[in-house]
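In what follows, a structure is listed as structure tokens, so that the remarks can point back to it.
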Amino acid sequence: MKHLFYILFLFITLSSCSEYQKALKSEEISDKFSVGVKMYEAGKYNKANRLFQQIVPNYRGKPQAEKLMFLYADTFYQTEDFYSAGYQYSRFVTAYPKSEKVEEAAYKSALAYYKLSPVYSKNQEETYEALEKLQLFANIYPDSKYLPEVNTMVKELDYKLEKKAFEIAKQYGRIAPAMGTFSACLTSCNNFLSEFPGSTFKEEVMYIRYATAKELADKSVPWKKEERTKEAKEFLDILKNTFPNSRFLEDSNQEVSENKVEEGETK
């Protein structure tokens, strides 16, 4: 019995391969289309893609073009070629705005760009592009069944940008004493606090801003020291008012007390 099943499986496989090869070499675009659909439905997306690629230009304006273009786009997605998938889905949305598949295509286009978003430490160009696509989808389809997934992806991508901005500010603060990146750190902190006012990193960024401003004031020439010390004190007051129970305040208060003692001795 096992031997019989093996022979049957081998026969089906060889028939499928033979059919695919025949369609691939055929000049009949209808053969390529029908076999391509069969390959797609069997989960053989690479083969389907190859056949569809040969006939896409020939089907423009024809009744089956809509189905072909959607399946063609989906073969890229299924084979994890997300750049091509995002592009082809977008083309489908533009070409067939009244299609029953247009919402799904718009969602999958955004999803493909989401899949391209790298880890937070890398360049985030694809992340910004994915956010633009996802937010556009949410605006066009506010009642879509895909909206919960879209909102989850938007939150994830927003956090990725937030994390990157935080790590940049933190790194500038870490290397400021040795590399003199005080101004860059303060700018990064201010930009972060403006862009992510509700961030879970807000407390630490406020402390980094204060600590950096104080370090800068301490290292300043006399004619700049007073103004910069005042700015550092303002940053500390903001931290205290925003987070009165901050875990960073003990160190900050100790630093301020030491400064007052030093100022008294100088006078």
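The chains in the structure tokens are called A, B, ... from first to last as shown; in each chain the residues are counted from 1, and the ligands are counted from 1 in the order shown.
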Would you give me, as CSV, each residue of segment 108-189 of chain A having an atom within 12 Å of an atom of segment 220-232 of chain A, along with its shortest atom pair and that distance in Å to one decimal, using only C-alpha atoms and sorting by chain and residue number?
residue,atom,partner,partner_atom,distance
A:Gly180,CA,A:Ser220,CA,11.4
A:Phe182,CA,A:Ser220,CA,11.2
A:Ser183,CA,A:Arg228,CA,11.6
A:Leu186,CA,A:Ala232,CA,10.6
**Request:** From a DSSP pass on the backbone, collect the residues of segment 79-208 of chain A flagged as helix (DSSP H, G or I) and hand them back as number ranges by chain.
**Result:** A: 82-95, 102-116, 125-140, 147-179, 182-195, 202-208
Writer output for current selection, C-alpha atoms, as a short mmCIF file (atom, residue, chain, number, x, y, z; two decimals), in the first residue's frame:
data_model
loop_
_atom_site.label_atom_id
_atom_site.label_comp_id
_atom_site.auth_asym_id
_atom_site.auth_seq_id
_atom_site.Cartn_x
_atom_site.Cartn_y
_atom_site.Cartn_z
CA PHE A 82 8.13 42.66 0.75
CA TYR A 83 9.55 45.53 -1.32
CA SER A 84 7.96 44.14 -4.48
CA ALA A 85 4.78 43.13 -2.64
CA GLY A 86 4.24 46.63 -1.23
CA TYR A 87 4.78 48.17 -4.64
CA GLN A 88 2.51 45.71 -6.50
CA TYR A 89 -0.30 45.99 -3.95
CA SER A 90 -0.12 49.79 -4.24
CA ARG A 91 -0.36 49.49 -8.04
CA PHE A 92 -3.41 47.27 -7.63
CA VAL A 93 -5.11 49.82 -5.35
CA THR A 94 -4.48 52.57 -7.90
CA ALA A 95 -5.56 50.50 -10.89
CA VAL A 102 -8.96 46.89 -2.81
CA GLU A 103 -9.20 47.11 1.00
CA GLU A 104 -7.26 43.89 1.45
CA ALA A 105 -4.65 45.06 -1.06
CA ALA A 106 -4.28 48.41 0.72
CA TYR A 107 -3.87 46.62 4.05
CA LYS A 108 -1.33 44.15 2.68
CA SER A 109 0.62 46.96 1.06
CA ALA A 110 0.94 48.66 4.45
CA LEU A 111 1.69 45.30 6.08
CA ALA A 112 4.50 44.64 3.59
CA TYR A 113 6.14 47.97 4.48
CA TYR A 114 5.70 47.13 8.18
CA LYS A 115 7.59 43.87 7.57
CA LEU A 116 10.47 45.91 6.13
CA GLU A 125 13.39 55.15 6.61
CA GLU A 126 11.22 52.06 6.10
CA THR A 127 9.58 52.59 9.50
CA TYR A 128 8.47 56.10 8.54
CA GLU A 129 7.17 54.79 5.23
CA ALA A 130 5.27 51.99 6.97
CA LEU A 131 3.70 54.44 9.42
CA GLU A 132 2.59 56.65 6.55
CA LYS A 133 0.97 53.67 4.79
CA LEU A 134 -0.71 52.38 7.96
CA GLN A 135 -2.07 55.78 8.95
CA LEU A 136 -3.34 56.38 5.43
CA PHE A 137 -5.13 53.02 5.54
CA ALA A 138 -6.72 53.89 8.91
CA ASN A 139 -7.95 57.21 7.51
CA ILE A 140 -9.47 55.65 4.39
CA LEU A 147 -7.95 48.24 12.05
CA PRO A 148 -7.01 46.49 15.35
CA GLU A 149 -3.93 45.01 13.66
CA VAL A 150 -3.13 48.37 12.06
CA ASN A 151 -3.32 50.17 15.42
CA THR A 152 -1.07 47.55 17.02
CA MET A 153 1.51 47.95 14.26
CA VAL A 154 1.41 51.75 14.51
CA LYS A 155 2.06 51.58 18.27
CA GLU A 156 4.93 49.18 17.73
CA LEU A 157 6.55 51.36 15.06
CA ASP A 158 6.04 54.54 17.12
CA TYR A 159 7.76 52.87 20.06
CA LYS A 160 10.64 51.84 17.80
CA LEU A 161 11.19 55.49 16.79
CA GLU A 162 10.84 56.55 20.42
CA LYS A 163 13.41 53.98 21.53
CA LYS A 164 15.86 55.07 18.83
CA ALA A 165 15.51 58.76 19.78
CA PHE A 166 16.00 57.88 23.44
CA GLU A 167 19.13 55.84 22.77
CA ILE A 168 20.60 58.66 20.67
CA ALA A 169 20.04 61.21 23.46
CA LYS A 170 21.43 58.75 26.01
CA GLN A 171 24.52 58.06 23.90
CA TYR A 172 25.22 61.77 23.42
CA GLY A 173 24.96 62.23 27.17
CA ARG A 174 27.27 59.30 27.84
CA ILE A 175 30.05 60.55 25.57
CA ALA A 176 29.57 64.28 26.24
CA PRO A 177 32.36 64.64 28.86
CA ALA A 178 34.94 63.01 26.57
CA MET A 179 33.71 64.15 23.15
CA PHE A 182 26.85 68.67 25.14
CA SER A 183 24.91 70.77 22.64
CA ALA A 184 23.97 67.72 20.56
CA CYS A 185 22.73 65.95 23.68
CA LEU A 186 20.64 68.92 24.83
CA THR A 187 19.14 69.28 21.36
CA SER A 188 18.34 65.54 21.24
CA CYS A 189 16.72 65.67 24.68
CA ASN A 190 14.61 68.70 23.82
CA ASN A 191 13.53 67.17 20.52
CA PHE A 192 12.66 63.90 22.27
CA LEU A 193 10.55 65.61 24.93
CA SER A 194 8.73 67.61 22.28
CA GLU A 195 8.07 64.64 20.00
CA LYS A 202 10.57 60.98 29.73
CA GLU A 203 11.88 60.96 33.30
CA GLU A 204 15.29 59.66 32.32
CA VAL A 205 15.60 62.04 29.37
CA MET A 206 14.80 64.97 31.66
CA TYR A 207 17.55 63.82 33.99
CA ILE A 208 20.02 63.36 31.12
#
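Between atom CA of Ala42 of chain A and atom CA of Lys22 of chain A the interatomic distance comes to 17.3 Å.
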**Message:** I want to know what sits within 10 Å of Tyr40 of chain A, based on only C-alpha atoms, with residues of the same chain fewer than 3 positions away left out; could you give that as a PyMOL selection string?
**Reply:** chain A and resi 34-37+43-49+52+71-72+74-75+78
Would you put the residues from that selection into a file with C-alpha atoms, as a short mmCIF file (atom, residue, chain, number, x, y, z; two decimals), in the first residue's frame?
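Saved file part-v7.cif follows:
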data_model
loop_
_atom_site.label_atom_id
_atom_site.label_comp_id
_atom_site.auth_asym_id
_atom_site.auth_seq_id
_atom_site.Cartn_x
_atom_site.Cartn_y
_atom_site.Cartn_z
CA SER A 34 -4.50 28.94 -15.70
CA VAL A 35 -1.40 27.02 -14.63
CA GLY A 36 -0.17 30.04 -12.66
CA VAL A 37 -3.46 30.12 -10.73
CA GLY A 43 1.07 27.14 -2.50
CA LYS A 44 3.82 27.08 -5.15
CA TYR A 45 4.20 30.85 -5.12
CA ASN A 46 7.59 31.09 -6.80
CA LYS A 47 6.35 29.13 -9.80
CA ALA A 48 3.13 31.12 -9.93
CA ASN A 49 5.10 34.35 -9.78
CA PHE A 52 2.42 35.66 -13.89
CA LEU A 71 -2.45 37.19 -7.19
CA TYR A 72 0.77 38.51 -8.70
CA ASP A 74 0.39 38.23 -3.31
CA THR A 75 3.03 35.86 -4.70
CA GLN A 78 4.06 34.95 0.19
#
**Asked** Mind pulling up the distance from atom CA of Arg60 of chain A to atom CA of Lys38 of chain A?
**Response** 20.6 Å
**Request:** Find the spatial neighbours of Leu249 of chain A, counting only C-alpha atoms, within a cut-off of 12 Å - ignore same-chain residues fewer than 6 positions away - and output them as a VMD selection string.
**Result:** chain A and resid 203 to 204 206 to 208 210 to 211 235 to 243 255 to 256
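The space between atom CA of Gln54 of chain A and atom CA of Glu66 of chain A spans 15.8 Å.
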